[in-house]
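What follows is a set of notes on a single structure, which appears directly below.
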Amino acid sequence: MNVYDNANELAKAMRESHEFKKLKEATAVLNKDENAKKMVNEFLSLNQQAEIEKYQGKEPAKETTEKIQKLYGILSLNQDAMQYLNSFMRFQMMLADVTNSIQDVVKEAMGEK
């Protein structure tokens with residue numbers, strides 16, 4: 001089996017995974033609540049912005065951190081929003097694990113291992 005076949009099998013396995021299915025279900029439910037969807041998207045965007053700043057060695061702005069905490073507090077009261085966020089996080093962890101496996105091969109190929 002060649003690399004491309006394996007990549008297609010990996011994509012298929014990811015689509016069949018529990019994490020993917022739960023995220024799809026949670027997305028469908030969240031899409032029915034436009035206000036919650038908007039807040040979730042804002043939360044994820046601000047969180048990503050803060051993570052990028054941390055990665056760059058910067059301290060995220062206090063206002064950003066406070067807004068993230070405030071949004072999380074509001075979202076924690078919405079079961080559908082929290083189900084989406086939890087499903088999103090589990091899918092992201094699975095994706096990170098797969099990505100790390102691929103990065104290990106890339107590092108080895110580049111002589112970095």
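Numbering starts fresh at 1 for the residues of each chain in the structure tokens, the chains themselves are lettered A, B, ... in the order given, and ligands are numbered from 1 as they appear.
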
key: Test item: residues at most 7 Å from region 57-72 of chain A, only C-alpha atoms, excluding those fewer than 4 positions along its chain, as a PyMOL selection string   = chain A and resi 43+46-47+50+53+76

Could you turn the residues from that selection into a file that holds N, CA, C and O atoms, as a PDB file, in the first residue's frame?
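Produced file selection.pdb, reproduced below:
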```
ATOM      1  N   PHE A  43     -15.215  32.930  21.183  1.00  0.00           N
ATOM      2  CA  PHE A  43     -14.383  32.308  22.214  1.00  0.00           C
ATOM      3  C   PHE A  43     -13.194  31.586  21.583  1.00  0.00           C
ATOM      4  O   PHE A  43     -12.051  31.765  22.006  1.00  0.00           O
ATOM      5  N   LEU A  46     -10.684  34.146  20.038  1.00  0.00           N
ATOM      6  CA  LEU A  46      -9.893  34.828  21.065  1.00  0.00           C
ATOM      7  C   LEU A  46      -8.886  33.872  21.697  1.00  0.00           C
ATOM      8  O   LEU A  46      -7.739  34.248  21.964  1.00  0.00           O
ATOM      9  N   ASN A  47      -9.314  32.650  21.938  1.00  0.00           N
ATOM     10  CA  ASN A  47      -8.427  31.640  22.516  1.00  0.00           C
ATOM     11  C   ASN A  47      -7.252  31.360  21.585  1.00  0.00           C
ATOM     12  O   ASN A  47      -6.105  31.255  22.030  1.00  0.00           O
ATOM     13  N   ALA A  50      -4.833  34.275  21.695  1.00  0.00           N
ATOM     14  CA  ALA A  50      -4.024  34.230  22.913  1.00  0.00           C
ATOM     15  C   ALA A  50      -2.938  33.164  22.809  1.00  0.00           C
ATOM     16  O   ALA A  50      -1.800  33.390  23.235  1.00  0.00           O
ATOM     17  N   GLU A  53      -0.128  34.395  20.596  1.00  0.00           N
ATOM     18  CA  GLU A  53       0.691  35.365  21.322  1.00  0.00           C
ATOM     19  C   GLU A  53       1.631  34.654  22.290  1.00  0.00           C
ATOM     20  O   GLU A  53       2.809  35.015  22.401  1.00  0.00           O
ATOM     21  N   SER A  76     -20.559  28.242  29.585  1.00  0.00           N
ATOM     22  CA  SER A  76     -20.697  27.094  30.485  1.00  0.00           C
ATOM     23  C   SER A  76     -22.141  26.901  30.942  1.00  0.00           C
ATOM     24  O   SER A  76     -22.500  25.825  31.411  1.00  0.00           O
TER      25      SER A  76
END
```

Contacts of region 90-92 of chain A within 9 Å, only C-alpha atoms, excl. fewer than 4 positions in-chain, as a PDB file with N, CA and C atoms, in the first residue's frame:
```pdb
ATOM      1  N   HIS A  18     -15.049   8.165  16.771  1.00  0.00           N
ATOM      2  CA  HIS A  18     -16.018   8.652  17.750  1.00  0.00           C
ATOM      3  C   HIS A  18     -15.918  10.180  17.876  1.00  0.00           C
ATOM      4  N   GLU A  19     -14.691  10.683  17.906  1.00  0.00           N
ATOM      5  CA  GLU A  19     -14.463  12.126  18.063  1.00  0.00           C
ATOM      6  C   GLU A  19     -15.080  12.920  16.909  1.00  0.00           C
ATOM      7  N   PHE A  20     -14.891  12.446  15.687  1.00  0.00           N
ATOM      8  CA  PHE A  20     -15.435  13.128  14.524  1.00  0.00           C
ATOM      9  C   PHE A  20     -16.968  13.109  14.544  1.00  0.00           C
ATOM     10  N   LYS A  22     -19.013  12.736  17.102  1.00  0.00           N
ATOM     11  CA  LYS A  22     -19.536  13.579  18.185  1.00  0.00           C
ATOM     12  C   LYS A  22     -19.427  15.063  17.826  1.00  0.00           C
ATOM     13  N   LEU A  23     -18.331  15.442  17.181  1.00  0.00           N
ATOM     14  CA  LEU A  23     -18.171  16.838  16.767  1.00  0.00           C
ATOM     15  C   LEU A  23     -19.207  17.214  15.713  1.00  0.00           C
ATOM     16  N   LEU A  85     -17.868  22.541  22.507  1.00  0.00           N
ATOM     17  CA  LEU A  85     -16.489  22.837  22.895  1.00  0.00           C
ATOM     18  C   LEU A  85     -15.750  21.579  23.347  1.00  0.00           C
ATOM     19  N   ASN A  86     -16.409  20.734  24.118  1.00  0.00           N
ATOM     20  CA  ASN A  86     -15.779  19.489  24.562  1.00  0.00           C
ATOM     21  C   ASN A  86     -15.479  18.562  23.385  1.00  0.00           C
ATOM     22  N   ALA A  96      -4.012  16.456  16.856  1.00  0.00           N
ATOM     23  CA  ALA A  96      -2.650  16.757  17.301  1.00  0.00           C
ATOM     24  C   ALA A  96      -1.804  15.489  17.387  1.00  0.00           C
ATOM     25  N   ASP A  97      -2.387  14.409  17.879  1.00  0.00           N
ATOM     26  CA  ASP A  97      -1.657  13.145  17.962  1.00  0.00           C
ATOM     27  C   ASP A  97      -1.259  12.642  16.578  1.00  0.00           C
TER      28      ASP A  97
END
```

message = With distances taken over only C-alpha atoms, which residue among A:Lys38, A:Lys107, A:Arg15, A:Lys21 lies nearest Ala81 (chain A)?
response =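 Smallest separation from Ala81 (chain A) among the options: A:Lys38.
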
ask   = Can you list every residue in region 32-81 of chain A that DSSP puts in helix (DSSP H, G or I), as a ChimeraX atom specification?
value = /A:34-55,62-75,79-81

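Comparing A:Gln48, A:Asn8, A:Gln79, A:Asn2 by their smallest distance to Leu30 (chain A), the closest is A:Gln79 (using only C-alpha atoms).
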
task = Could you check which of A:Ser17, A:Ile52, A:Asn78, A:Gly73 is closest to Asp33 (chain A), using only C-alpha atoms?
result =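 The shortest atom-to-atom distance to Asp33 (chain A) comes from A:Asn78.
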
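Minimum atom-to-atom distance to Lys32 (chain A), evaluated using only C-alpha atoms, belongs to A:Asp80 out of A:Glu51, A:Asp80, A:Leu75, A:Leu10.
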